[in-house]
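What follows is start_35.pdb (PDB, N, CA, C and O atoms).
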```
ATOM      1  N   MET A  14     -34.168  36.822 -82.395
ATOM      2  CA  MET A  14     -33.227  36.931 -81.312
ATOM      3  C   MET A  14     -33.939  36.415 -80.066
ATOM      4  O   MET A  14     -35.076  36.709 -79.814
ATOM      5  N   GLY A  15     -33.229  35.689 -79.292
ATOM      6  CA  GLY A  15     -33.788  35.145 -78.074
ATOM      7  C   GLY A  15     -33.664  33.638 -78.082
ATOM      8  O   GLY A  15     -33.426  33.019 -79.104
ATOM      9  N   SER A  16     -33.811  33.061 -76.935
ATOM     10  CA  SER A  16     -33.716  31.617 -76.823
ATOM     11  C   SER A  16     -34.793  31.144 -75.867
ATOM     12  O   SER A  16     -35.548  31.944 -75.312
ATOM     13  N   GLU A  17     -34.816  29.867 -75.648
ATOM     14  CA  GLU A  17     -35.789  29.309 -74.732
ATOM     15  C   GLU A  17     -35.611  29.953 -73.362
ATOM     16  O   GLU A  17     -34.497  30.096 -72.858
ATOM     17  N   GLY A  18     -36.714  30.381 -72.778
ATOM     18  CA  GLY A  18     -36.651  31.027 -71.481
ATOM     19  C   GLY A  18     -36.471  32.529 -71.549
ATOM     20  O   GLY A  18     -36.479  33.198 -70.529
ATOM     21  N   SER A  19     -36.305  33.065 -72.748
ATOM     22  CA  SER A  19     -36.189  34.514 -72.879
ATOM     23  C   SER A  19     -37.524  35.072 -73.354
ATOM     24  O   SER A  19     -38.388  34.335 -73.810
ATOM     25  N   GLU A  20     -37.667  36.367 -73.222
ATOM     26  CA  GLU A  20     -38.874  37.005 -73.725
ATOM     27  C   GLU A  20     -38.508  38.287 -74.438
ATOM     28  O   GLU A  20     -37.470  38.900 -74.145
ATOM     29  N   SER A  21     -39.340  38.681 -75.366
ATOM     30  CA  SER A  21     -39.100  39.891 -76.141
ATOM     31  C   SER A  21     -40.156  40.932 -75.815
ATOM     32  O   SER A  21     -41.329  40.611 -75.655
ATOM     33  N   ILE A  22     -39.715  42.165 -75.728
ATOM     34  CA  ILE A  22     -40.610  43.307 -75.581
ATOM     35  C   ILE A  22     -40.439  44.106 -76.863
ATOM     36  O   ILE A  22     -39.322  44.478 -77.220
ATOM     37  N   VAL A  23     -41.536  44.352 -77.563
ATOM     38  CA  VAL A  23     -41.453  45.011 -78.864
ATOM     39  C   VAL A  23     -42.291  46.287 -78.885
ATOM     40  O   VAL A  23     -43.414  46.316 -78.382
ATOM     41  N   LEU A  24     -41.706  47.329 -79.458
ATOM     42  CA  LEU A  24     -42.400  48.582 -79.706
ATOM     43  C   LEU A  24     -42.256  48.876 -81.192
ATOM     44  O   LEU A  24     -41.136  48.969 -81.704
ATOM     45  N   SER A  25     -43.378  48.988 -81.879
ATOM     46  CA  SER A  25     -43.356  49.299 -83.305
ATOM     47  C   SER A  25     -44.216  50.539 -83.530
ATOM     48  O   SER A  25     -45.422  50.506 -83.293
ATOM     49  N   ASP A  26     -43.582  51.622 -83.948
ATOM     50  CA  ASP A  26     -44.281  52.887 -84.165
ATOM     51  C   ASP A  26     -44.032  53.324 -85.601
ATOM     52  O   ASP A  26     -43.085  54.054 -85.896
ATOM     53  N   ALA A  27     -44.886  52.855 -86.498
ATOM     54  CA  ALA A  27     -44.726  53.149 -87.922
ATOM     55  C   ALA A  27     -44.848  54.648 -88.207
ATOM     56  O   ALA A  27     -44.174  55.178 -89.088
ATOM     57  N   ARG A  28     -45.682  55.317 -87.459
ATOM     58  CA  ARG A  28     -45.886  56.754 -87.671
ATOM     59  C   ARG A  28     -44.585  57.540 -87.496
ATOM     60  O   ARG A  28     -44.311  58.489 -88.205
ATOM     61  N   HIS A  29     -43.777  57.143 -86.518
ATOM     62  CA  HIS A  29     -42.509  57.826 -86.261
ATOM     63  C   HIS A  29     -41.306  57.058 -86.816
ATOM     64  O   HIS A  29     -40.162  57.440 -86.584
ATOM     65  N   GLY A  30     -41.566  55.968 -87.516
ATOM     66  CA  GLY A  30     -40.491  55.204 -88.133
ATOM     67  C   GLY A  30     -39.559  54.553 -87.135
ATOM     68  O   GLY A  30     -38.347  54.510 -87.357
ATOM     69  N   ALA A  31     -40.115  54.065 -86.034
ATOM     70  CA  ALA A  31     -39.278  53.474 -84.988
ATOM     71  C   ALA A  31     -39.718  52.048 -84.673
ATOM     72  O   ALA A  31     -40.903  51.736 -84.658
ATOM     73  N   TYR A  32     -38.734  51.199 -84.432
ATOM     74  CA  TYR A  32     -38.967  49.813 -84.011
ATOM     75  C   TYR A  32     -37.916  49.478 -82.970
ATOM     76  O   TYR A  32     -36.738  49.753 -83.162
ATOM     77  N   LYS A  33     -38.354  48.933 -81.842
ATOM     78  CA  LYS A  33     -37.431  48.498 -80.796
ATOM     79  C   LYS A  33     -37.845  47.113 -80.332
ATOM     80  O   LYS A  33     -39.019  46.845 -80.122
ATOM     81  N   LYS A  34     -36.860  46.266 -80.175
ATOM     82  CA  LYS A  34     -37.093  44.934 -79.616
ATOM     83  C   LYS A  34     -36.018  44.689 -78.563
ATOM     84  O   LYS A  34     -34.832  44.773 -78.856
ATOM     85  N   LEU A  35     -36.456  44.445 -77.350
ATOM     86  CA  LEU A  35     -35.543  44.135 -76.252
ATOM     87  C   LEU A  35     -35.743  42.688 -75.870
ATOM     88  O   LEU A  35     -36.874  42.217 -75.766
ATOM     89  N   VAL A  36     -34.662  41.971 -75.672
ATOM     90  CA  VAL A  36     -34.732  40.566 -75.281
ATOM     91  C   VAL A  36     -34.217  40.450 -73.849
ATOM     92  O   VAL A  36     -33.116  40.901 -73.538
ATOM     93  N   ILE A  37     -35.044  39.851 -73.008
ATOM     94  CA  ILE A  37     -34.728  39.703 -71.593
ATOM     95  C   ILE A  37     -34.714  38.228 -71.237
ATOM     96  O   ILE A  37     -35.608  37.475 -71.632
ATOM     97  N   ALA A  38     -33.687  37.813 -70.517
ATOM     98  CA  ALA A  38     -33.585  36.436 -70.027
ATOM     99  C   ALA A  38     -33.119  36.497 -68.578
ATOM    100  O   ALA A  38     -32.205  37.257 -68.245
ATOM    101  N   GLN A  39     -33.749  35.730 -67.755
ATOM    102  CA  GLN A  39     -33.419  35.674 -66.325
ATOM    103  C   GLN A  39     -33.387  37.068 -65.707
ATOM    104  O   GLN A  39     -32.522  37.395 -64.896
ATOM    105  N   GLY A  40     -34.329  37.923 -66.148
ATOM    106  CA  GLY A  40     -34.454  39.255 -65.581
ATOM    107  C   GLY A  40     -33.411  40.256 -66.014
ATOM    108  O   GLY A  40     -33.297  41.332 -65.443
ATOM    109  N   ARG A  41     -32.641  39.919 -67.063
ATOM    110  CA  ARG A  41     -31.584  40.813 -67.530
ATOM    111  C   ARG A  41     -31.701  41.045 -69.035
ATOM    112  O   ARG A  41     -32.079  40.154 -69.775
ATOM    113  N   LEU A  42     -31.335  42.250 -69.468
ATOM    114  CA  LEU A  42     -31.337  42.568 -70.885
ATOM    115  C   LEU A  42     -30.176  41.852 -71.556
ATOM    116  O   LEU A  42     -29.024  42.038 -71.167
ATOM    117  N   ILE A  43     -30.486  41.027 -72.558
ATOM    118  CA  ILE A  43     -29.413  40.307 -73.248
ATOM    119  C   ILE A  43     -29.283  40.704 -74.712
ATOM    120  O   ILE A  43     -28.344  40.289 -75.386
ATOM    121  N   GLY A  44     -30.230  41.499 -75.218
ATOM    122  CA  GLY A  44     -30.131  41.921 -76.604
ATOM    123  C   GLY A  44     -31.117  43.019 -76.937
ATOM    124  O   GLY A  44     -32.130  43.182 -76.258
ATOM    125  N   ALA A  45     -30.800  43.788 -77.975
ATOM    126  CA  ALA A  45     -31.679  44.869 -78.412
ATOM    127  C   ALA A  45     -31.525  45.084 -79.904
ATOM    128  O   ALA A  45     -30.422  44.986 -80.443
ATOM    129  N   VAL A  46     -32.665  45.370 -80.560
ATOM    130  CA  VAL A  46     -32.675  45.756 -81.966
ATOM    131  C   VAL A  46     -33.374  47.099 -82.028
ATOM    132  O   VAL A  46     -34.490  47.245 -81.526
ATOM    133  N   LEU A  47     -32.717  48.097 -82.607
ATOM    134  CA  LEU A  47     -33.288  49.436 -82.714
ATOM    135  C   LEU A  47     -33.255  49.870 -84.170
ATOM    136  O   LEU A  47     -32.215  49.800 -84.818
ATOM    137  N   VAL A  48     -34.392  50.339 -84.655
ATOM    138  CA  VAL A  48     -34.480  50.866 -86.019
ATOM    139  C   VAL A  48     -35.165  52.221 -85.932
ATOM    140  O   VAL A  48     -36.204  52.353 -85.283
ATOM    141  N   GLY A  49     -34.614  53.216 -86.564
ATOM    142  CA  GLY A  49     -35.201  54.551 -86.518
ATOM    143  C   GLY A  49     -34.677  55.329 -85.330
ATOM    144  O   GLY A  49     -33.673  56.021 -85.443
ATOM    145  N   ASP A  50     -35.324  55.221 -84.202
ATOM    146  CA  ASP A  50     -34.918  55.926 -82.981
ATOM    147  C   ASP A  50     -33.805  55.129 -82.299
ATOM    148  O   ASP A  50     -34.053  54.182 -81.580
ATOM    149  N   THR A  51     -32.582  55.551 -82.529
ATOM    150  CA  THR A  51     -31.430  54.841 -81.961
ATOM    151  C   THR A  51     -30.709  55.671 -80.899
ATOM    152  O   THR A  51     -29.568  55.381 -80.546
ATOM    153  N   ALA A  52     -31.371  56.680 -80.385
ATOM    154  CA  ALA A  52     -30.745  57.597 -79.423
ATOM    155  C   ALA A  52     -30.187  56.882 -78.193
ATOM    156  O   ALA A  52     -29.171  57.299 -77.652
ATOM    157  N   ASP A  53     -30.828  55.806 -77.764
ATOM    158  CA  ASP A  53     -30.384  55.105 -76.558
ATOM    159  C   ASP A  53     -29.574  53.844 -76.862
ATOM    160  O   ASP A  53     -29.343  53.029 -75.970
ATOM    161  N   ALA A  54     -29.102  53.703 -78.082
ATOM    162  CA  ALA A  54     -28.373  52.490 -78.475
ATOM    163  C   ALA A  54     -27.158  52.236 -77.590
ATOM    164  O   ALA A  54     -26.922  51.103 -77.151
ATOM    165  N   LEU A  55     -26.395  53.263 -77.296
ATOM    166  CA  LEU A  55     -25.205  53.097 -76.469
ATOM    167  C   LEU A  55     -25.586  52.645 -75.057
ATOM    168  O   LEU A  55     -24.939  51.772 -74.481
ATOM    169  N   TRP A  56     -26.642  53.219 -74.511
ATOM    170  CA  TRP A  56     -27.100  52.826 -73.175
ATOM    171  C   TRP A  56     -27.511  51.351 -73.164
ATOM    172  O   TRP A  56     -27.112  50.609 -72.280
ATOM    173  N   TYR A  57     -28.280  50.923 -74.163
ATOM    174  CA  TYR A  57     -28.678  49.519 -74.224
ATOM    175  C   TYR A  57     -27.460  48.615 -74.366
ATOM    176  O   TYR A  57     -27.373  47.571 -73.733
ATOM    177  N   SER A  58     -26.501  49.022 -75.192
ATOM    178  CA  SER A  58     -25.332  48.170 -75.410
ATOM    179  C   SER A  58     -24.449  48.079 -74.173
ATOM    180  O   SER A  58     -23.727  47.108 -73.998
ATOM    181  N   ARG A  59     -24.512  49.087 -73.318
ATOM    182  CA  ARG A  59     -23.714  49.070 -72.091
ATOM    183  C   ARG A  59     -24.429  48.397 -70.927
ATOM    184  O   ARG A  59     -23.869  48.297 -69.842
ATOM    185  N   THR A  60     -25.669  47.977 -71.138
ATOM    186  CA  THR A  60     -26.396  47.275 -70.087
ATOM    187  C   THR A  60     -25.781  45.897 -69.948
ATOM    188  O   THR A  60     -25.906  45.048 -70.817
ATOM    189  N   ASP A  61     -25.079  45.701 -68.883
ATOM    190  CA  ASP A  61     -24.318  44.479 -68.639
ATOM    191  C   ASP A  61     -25.245  43.347 -68.201
ATOM    192  O   ASP A  61     -25.906  43.452 -67.171
ATOM    193  N   PRO A  62     -25.296  42.245 -68.974
ATOM    194  CA  PRO A  62     -26.168  41.130 -68.593
ATOM    195  C   PRO A  62     -25.784  40.506 -67.255
ATOM    196  O   PRO A  62     -26.590  39.826 -66.643
ATOM    197  N   ASP A  63     -24.561  40.752 -66.792
ATOM    198  CA  ASP A  63     -24.134  40.213 -65.502
ATOM    199  C   ASP A  63     -24.429  41.182 -64.350
ATOM    200  O   ASP A  63     -24.169  40.865 -63.198
ATOM    201  N   ALA A  64     -24.952  42.353 -64.691
ATOM    202  CA  ALA A  64     -25.246  43.357 -63.663
ATOM    203  C   ALA A  64     -26.575  43.036 -62.978
ATOM    204  O   ALA A  64     -27.177  41.996 -63.212
ATOM    205  N   ALA A  65     -27.031  43.966 -62.187
ATOM    206  CA  ALA A  65     -28.279  43.785 -61.452
ATOM    207  C   ALA A  65     -29.444  43.551 -62.412
ATOM    208  O   ALA A  65     -29.459  44.084 -63.518
ATOM    209  N   PRO A  66     -30.422  42.786 -61.980
ATOM    210  CA  PRO A  66     -31.607  42.546 -62.812
ATOM    211  C   PRO A  66     -32.324  43.846 -63.170
ATOM    212  O   PRO A  66     -32.211  44.853 -62.473
ATOM    213  N   THR A  67     -33.066  43.796 -64.247
ATOM    214  CA  THR A  67     -33.745  44.974 -64.773
ATOM    215  C   THR A  67     -35.142  45.170 -64.186
ATOM    216  O   THR A  67     -35.877  46.026 -64.659
ATOM    217  N   ALA A  68     -35.510  44.449 -63.172
ATOM    218  CA  ALA A  68     -36.881  44.480 -62.644
ATOM    219  C   ALA A  68     -37.371  45.891 -62.329
ATOM    220  O   ALA A  68     -38.511  46.233 -62.639
ATOM    221  N   LYS A  69     -36.529  46.728 -61.743
ATOM    222  CA  LYS A  69     -36.960  48.076 -61.365
ATOM    223  C   LYS A  69     -37.282  48.955 -62.566
ATOM    224  O   LYS A  69     -38.087  49.868 -62.460
ATOM    225  N   ILE A  70     -36.615  48.727 -63.686
ATOM    226  CA  ILE A  70     -36.824  49.588 -64.856
ATOM    227  C   ILE A  70     -37.517  48.879 -66.011
ATOM    228  O   ILE A  70     -37.729  49.476 -67.052
ATOM    229  N   ARG A  71     -37.890  47.654 -65.814
ATOM    230  CA  ARG A  71     -38.459  46.832 -66.887
ATOM    231  C   ARG A  71     -39.623  47.506 -67.624
ATOM    232  O   ARG A  71     -39.668  47.517 -68.842
ATOM    233  N   ALA A  72     -40.557  48.075 -66.892
ATOM    234  CA  ALA A  72     -41.736  48.676 -67.525
ATOM    235  C   ALA A  72     -41.386  49.894 -68.369
ATOM    236  O   ALA A  72     -42.138  50.255 -69.274
ATOM    237  N   ASP A  73     -40.248  50.514 -68.094
ATOM    238  CA  ASP A  73     -39.868  51.745 -68.790
ATOM    239  C   ASP A  73     -38.669  51.600 -69.718
ATOM    240  O   ASP A  73     -38.335  52.541 -70.429
ATOM    241  N   MET A  74     -38.015  50.461 -69.716
ATOM    242  CA  MET A  74     -36.810  50.261 -70.530
ATOM    243  C   MET A  74     -37.013  50.604 -71.995
ATOM    244  O   MET A  74     -36.131  51.160 -72.640
ATOM    245  N   MET A  75     -38.155  50.256 -72.513
ATOM    246  CA  MET A  75     -38.444  50.466 -73.928
ATOM    247  C   MET A  75     -38.400  51.942 -74.291
ATOM    248  O   MET A  75     -38.121  52.312 -75.425
ATOM    249  N   PHE A  76     -38.647  52.804 -73.317
ATOM    250  CA  PHE A  76     -38.752  54.228 -73.587
ATOM    251  C   PHE A  76     -37.453  54.981 -73.345
ATOM    252  O   PHE A  76     -37.426  56.208 -73.384
ATOM    253  N   GLY A  77     -36.385  54.247 -73.083
ATOM    254  CA  GLY A  77     -35.068  54.849 -73.038
ATOM    255  C   GLY A  77     -34.489  55.109 -71.668
ATOM    256  O   GLY A  77     -35.116  54.898 -70.640
ATOM    257  N   ARG A  78     -33.264  55.561 -71.712
ATOM    258  CA  ARG A  78     -32.451  55.775 -70.515
ATOM    259  C   ARG A  78     -33.052  56.791 -69.551
ATOM    260  O   ARG A  78     -33.160  56.545 -68.353
ATOM    261  N   SER A  79     -33.439  57.948 -70.051
ATOM    262  CA  SER A  79     -33.926  59.026 -69.172
ATOM    263  C   SER A  79     -35.096  58.588 -68.324
ATOM    264  O   SER A  79     -35.090  58.774 -67.103
ATOM    265  N   LEU A  80     -36.122  58.037 -68.936
ATOM    266  CA  LEU A  80     -37.296  57.611 -68.185
ATOM    267  C   LEU A  80     -36.975  56.439 -67.276
ATOM    268  O   LEU A  80     -37.376  56.408 -66.106
ATOM    269  N   SER A  81     -36.226  55.484 -67.756
ATOM    270  CA  SER A  81     -35.903  54.302 -66.966
ATOM    271  C   SER A  81     -35.123  54.644 -65.709
ATOM    272  O   SER A  81     -35.435  54.156 -64.624
ATOM    273  N   LEU A  82     -34.113  55.474 -65.838
ATOM    274  CA  LEU A  82     -33.288  55.804 -64.690
ATOM    275  C   LEU A  82     -33.999  56.713 -63.692
ATOM    276  O   LEU A  82     -33.791  56.616 -62.495
ATOM    277  N   SER A  83     -34.874  57.574 -64.196
ATOM    278  CA  SER A  83     -35.615  58.434 -63.272
ATOM    279  C   SER A  83     -36.601  57.615 -62.457
ATOM    280  O   SER A  83     -36.796  57.871 -61.274
ATOM    281  N   LYS A  84     -37.192  56.597 -63.035
ATOM    282  CA  LYS A  84     -38.112  55.728 -62.302
ATOM    283  C   LYS A  84     -37.355  54.836 -61.325
ATOM    284  O   LYS A  84     -37.834  54.557 -60.250
ATOM    285  N   ALA A  85     -36.163  54.382 -61.701
ATOM    286  CA  ALA A  85     -35.377  53.511 -60.838
ATOM    287  C   ALA A  85     -34.912  54.251 -59.595
ATOM    288  O   ALA A  85     -34.810  53.683 -58.517
ATOM    289  N   ALA A  86     -34.647  55.536 -59.740
ATOM    290  CA  ALA A  86     -34.172  56.334 -58.608
ATOM    291  C   ALA A  86     -35.285  56.641 -57.613
ATOM    292  O   ALA A  86     -35.029  56.915 -56.458
ATOM    293  N   ALA A  87     -36.519  56.604 -58.097
ATOM    294  CA  ALA A  87     -37.667  56.942 -57.233
ATOM    295  C   ALA A  87     -37.961  55.872 -56.222
ATOM    296  O   ALA A  87     -37.565  54.794 -56.234
TER     297      ALA A  87
END
```
Can you turn what I pasted into structure tokens?
Amino acid sequence: MGSEGSESIVLSDARHGAYKKLVIAQGRLIGAVLVGDTADALWYSRTDPDAAPTAKIRADMMFGRSLSLSKAAA
């Protein structure tokens, strides 16, 4: 998943049976693959690629909605 100019952020945690891959292009989330830990799947799917860039939450996006939004509000 991804195209030229996009980048992937991957988290693979075999111990907990979780794999996450987020694809970002032009500073926006354009795709996600979740295996195992899918608790934030709805949040990722509702992240509108036409909305504000993800720069404020980029470092925490992989760890889910709760952490990302709490950091963005700070």
>> Quick one: residues within 10 Å of Asp53 (chain A), only C-alpha atoms, excluding same-chain residues fewer than 3 positions away - as number ranges by chain?
In response: A: 47, 50, 56-58, 75-79
>> For a test of reading the model, state the distance in Å between CA of Asp26 (chain A) and CA of Ala72 (chain A), rounded to one decimal.
In response: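 Rounded to one decimal, the two atoms are 17.4 Å apart.
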> DSSP says helix (DSSP H, G or I) for which residues of chain A? Put them as a ChimeraX atom specification?
Replying inline: /A:27-29,54-58,74-76,78-86
>> Residue by residue, what does the PyMOL selection byres ((chain A and resi 34-45) around 4.5) grab here? Present the result as a ChimeraX atom specification.
In response: /A:18-23,32-33,46-47,60,62,66-68
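For the pair CA of Ala31 (chain A) and atom N of Val48 (chain A), the separation is 5.8 Å.
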Provide an axis-aligned box for all listed atoms of region 22-33 of chain A, padding each side by 8 Å; report its centre and its edge lengths in Å to one decimal, as AutoDock Vina command-line options.
```
--center_x -41.3 --center_y 50.3 --center_z -82.3 --size_x 25.1 --size_y 32.3 --size_z 29.5
```
>> Residues of chain A classed as strand (DSSP E or B) by DSSP on the backbone are to be reported as a list in words.
In response: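 Selection result, strand (DSSP E or B) within chain A: Ser19, Glu20, Ser21, Ile22, Val23, Leu24, Ser25, Asp26, Ala31, Tyr32, Lys33, Lys34, Leu35, Val36, Ile37, Ala38, Arg41, Leu42, Ile43, Gly44, Ala45, Val46, Leu47 and Val48 of chain A.
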Could you turn the residues from that selection into a file that holds N, CA, C and O atoms, as a short mmCIF file (atom, residue, chain, number, x, y, z; two decimals), in the frame of the given file?
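What landed in out07.cif:
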```cif
data_model
loop_
_atom_site.label_atom_id
_atom_site.label_comp_id
_atom_site.auth_asym_id
_atom_site.auth_seq_id
_atom_site.Cartn_x
_atom_site.Cartn_y
_atom_site.Cartn_z
N SER A 19 -36.30 33.06 -72.75
CA SER A 19 -36.19 34.51 -72.88
C SER A 19 -37.52 35.07 -73.35
O SER A 19 -38.39 34.34 -73.81
N GLU A 20 -37.67 36.37 -73.22
CA GLU A 20 -38.87 37.01 -73.72
C GLU A 20 -38.51 38.29 -74.44
O GLU A 20 -37.47 38.90 -74.14
N SER A 21 -39.34 38.68 -75.37
CA SER A 21 -39.10 39.89 -76.14
C SER A 21 -40.16 40.93 -75.82
O SER A 21 -41.33 40.61 -75.66
N ILE A 22 -39.72 42.16 -75.73
CA ILE A 22 -40.61 43.31 -75.58
C ILE A 22 -40.44 44.11 -76.86
O ILE A 22 -39.32 44.48 -77.22
N VAL A 23 -41.54 44.35 -77.56
CA VAL A 23 -41.45 45.01 -78.86
C VAL A 23 -42.29 46.29 -78.89
O VAL A 23 -43.41 46.32 -78.38
N LEU A 24 -41.71 47.33 -79.46
CA LEU A 24 -42.40 48.58 -79.71
C LEU A 24 -42.26 48.88 -81.19
O LEU A 24 -41.14 48.97 -81.70
N SER A 25 -43.38 48.99 -81.88
CA SER A 25 -43.36 49.30 -83.30
C SER A 25 -44.22 50.54 -83.53
O SER A 25 -45.42 50.51 -83.29
N ASP A 26 -43.58 51.62 -83.95
CA ASP A 26 -44.28 52.89 -84.16
C ASP A 26 -44.03 53.32 -85.60
O ASP A 26 -43.08 54.05 -85.90
N ALA A 31 -40.12 54.06 -86.03
CA ALA A 31 -39.28 53.47 -84.99
C ALA A 31 -39.72 52.05 -84.67
O ALA A 31 -40.90 51.74 -84.66
N TYR A 32 -38.73 51.20 -84.43
CA TYR A 32 -38.97 49.81 -84.01
C TYR A 32 -37.92 49.48 -82.97
O TYR A 32 -36.74 49.75 -83.16
N LYS A 33 -38.35 48.93 -81.84
CA LYS A 33 -37.43 48.50 -80.80
C LYS A 33 -37.84 47.11 -80.33
O LYS A 33 -39.02 46.84 -80.12
N LYS A 34 -36.86 46.27 -80.18
CA LYS A 34 -37.09 44.93 -79.62
C LYS A 34 -36.02 44.69 -78.56
O LYS A 34 -34.83 44.77 -78.86
N LEU A 35 -36.46 44.44 -77.35
CA LEU A 35 -35.54 44.14 -76.25
C LEU A 35 -35.74 42.69 -75.87
O LEU A 35 -36.87 42.22 -75.77
N VAL A 36 -34.66 41.97 -75.67
CA VAL A 36 -34.73 40.57 -75.28
C VAL A 36 -34.22 40.45 -73.85
O VAL A 36 -33.12 40.90 -73.54
N ILE A 37 -35.04 39.85 -73.01
CA ILE A 37 -34.73 39.70 -71.59
C ILE A 37 -34.71 38.23 -71.24
O ILE A 37 -35.61 37.48 -71.63
N ALA A 38 -33.69 37.81 -70.52
CA ALA A 38 -33.58 36.44 -70.03
C ALA A 38 -33.12 36.50 -68.58
O ALA A 38 -32.20 37.26 -68.24
N ARG A 41 -32.64 39.92 -67.06
CA ARG A 41 -31.58 40.81 -67.53
C ARG A 41 -31.70 41.04 -69.04
O ARG A 41 -32.08 40.15 -69.78
N LEU A 42 -31.34 42.25 -69.47
CA LEU A 42 -31.34 42.57 -70.89
C LEU A 42 -30.18 41.85 -71.56
O LEU A 42 -29.02 42.04 -71.17
N ILE A 43 -30.49 41.03 -72.56
CA ILE A 43 -29.41 40.31 -73.25
C ILE A 43 -29.28 40.70 -74.71
O ILE A 43 -28.34 40.29 -75.39
N GLY A 44 -30.23 41.50 -75.22
CA GLY A 44 -30.13 41.92 -76.60
C GLY A 44 -31.12 43.02 -76.94
O GLY A 44 -32.13 43.18 -76.26
N ALA A 45 -30.80 43.79 -77.97
CA ALA A 45 -31.68 44.87 -78.41
C ALA A 45 -31.52 45.08 -79.90
O ALA A 45 -30.42 44.99 -80.44
N VAL A 46 -32.66 45.37 -80.56
CA VAL A 46 -32.67 45.76 -81.97
C VAL A 46 -33.37 47.10 -82.03
O VAL A 46 -34.49 47.24 -81.53
N LEU A 47 -32.72 48.10 -82.61
CA LEU A 47 -33.29 49.44 -82.71
C LEU A 47 -33.26 49.87 -84.17
O LEU A 47 -32.22 49.80 -84.82
N VAL A 48 -34.39 50.34 -84.66
CA VAL A 48 -34.48 50.87 -86.02
C VAL A 48 -35.16 52.22 -85.93
O VAL A 48 -36.20 52.35 -85.28
#
```
> Could you work out how far CA of Glu17 (chain A) lies from CA of Thr51 (chain A), giving the answer in Å with one decimal?
Replying inline: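 Separating CA of Thr51 (chain A) from CA of Glu17 (chain A) is a distance of 26.9 Å.
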Using the structure block above, produce a file of region 19-69 of chain A that contains C-alpha atoms, as an mmCIF file, in the first residue's frame.
```
data_model
loop_
_atom_site.group_PDB
_atom_site.id
_atom_site.type_symbol
_atom_site.label_atom_id
_atom_site.label_comp_id
_atom_site.auth_asym_id
_atom_site.auth_seq_id
_atom_site.Cartn_x
_atom_site.Cartn_y
_atom_site.Cartn_z
ATOM 1 C CA SER A 19 4.063 8.311 0.378
ATOM 2 C CA GLU A 20 5.671 6.762 3.401
ATOM 3 C CA SER A 21 4.756 3.896 5.675
ATOM 4 C CA ILE A 22 5.018 3.709 9.438
ATOM 5 C CA VAL A 23 5.042 0.116 10.654
ATOM 6 C CA LEU A 24 4.649 -1.404 14.103
ATOM 7 C CA SER A 25 5.103 -5.159 14.384
ATOM 8 C CA ASP A 26 4.683 -6.697 17.837
ATOM 9 C CA ALA A 27 4.807 -10.472 17.498
ATOM 10 C CA ARG A 28 4.661 -10.952 21.260
ATOM 11 C CA HIS A 29 1.203 -9.352 21.409
ATOM 12 C CA GLY A 30 0.118 -10.521 17.958
ATOM 13 C CA ALA A 31 -0.251 -7.016 16.568
ATOM 14 C CA TYR A 32 0.777 -5.422 13.273
ATOM 15 C CA LYS A 33 -0.035 -1.879 12.175
ATOM 16 C CA LYS A 34 0.945 -0.100 8.998
ATOM 17 C CA LEU A 35 -0.050 3.507 8.401
ATOM 18 C CA VAL A 36 0.477 5.138 5.024
ATOM 19 C CA ILE A 37 0.969 8.892 4.940
ATOM 20 C CA ALA A 38 1.113 11.094 1.848
ATOM 21 C CA GLN A 39 1.419 14.864 1.806
ATOM 22 C CA GLY A 40 1.191 14.886 5.600
ATOM 23 C CA ARG A 41 -2.141 13.057 5.715
ATOM 24 C CA LEU A 42 -3.160 9.512 6.605
ATOM 25 C CA ILE A 43 -4.307 7.792 3.423
ATOM 26 C CA GLY A 44 -4.373 4.156 4.501
ATOM 27 C CA ALA A 45 -4.040 1.722 7.386
ATOM 28 C CA VAL A 46 -3.605 -2.021 7.845
ATOM 29 C CA LEU A 47 -4.343 -3.428 11.303
ATOM 30 C CA VAL A 48 -3.899 -7.039 12.376
ATOM 31 C CA GLY A 49 -4.525 -8.215 15.923
ATOM 32 C CA ASP A 50 -5.075 -4.943 17.784
ATOM 33 C CA THR A 51 -7.913 -3.358 15.828
ATOM 34 C CA ALA A 52 -9.371 -1.244 18.641
ATOM 35 C CA ASP A 53 -8.693 2.012 16.774
ATOM 36 C CA ALA A 54 -9.776 0.798 13.323
ATOM 37 C CA LEU A 55 -12.845 3.033 13.228
ATOM 38 C CA TRP A 56 -10.799 6.083 14.241
ATOM 39 C CA TYR A 57 -8.234 5.413 11.502
ATOM 40 C CA SER A 58 -10.966 4.863 8.923
ATOM 41 C CA ARG A 59 -12.614 8.155 9.864
ATOM 42 C CA THR A 60 -9.374 10.099 9.478
ATOM 43 C CA ASP A 61 -10.275 12.218 6.490
ATOM 44 C CA PRO A 62 -7.381 12.595 4.015
ATOM 45 C CA ASP A 63 -8.804 16.011 3.096
ATOM 46 C CA ALA A 64 -8.750 17.167 6.724
ATOM 47 C CA ALA A 65 -5.939 18.910 8.548
ATOM 48 C CA PRO A 66 -2.466 17.392 8.237
ATOM 49 C CA THR A 67 -1.408 14.824 10.807
ATOM 50 C CA ALA A 68 1.815 16.625 11.797
ATOM 51 C CA LYS A 69 0.714 17.279 15.394
#
```
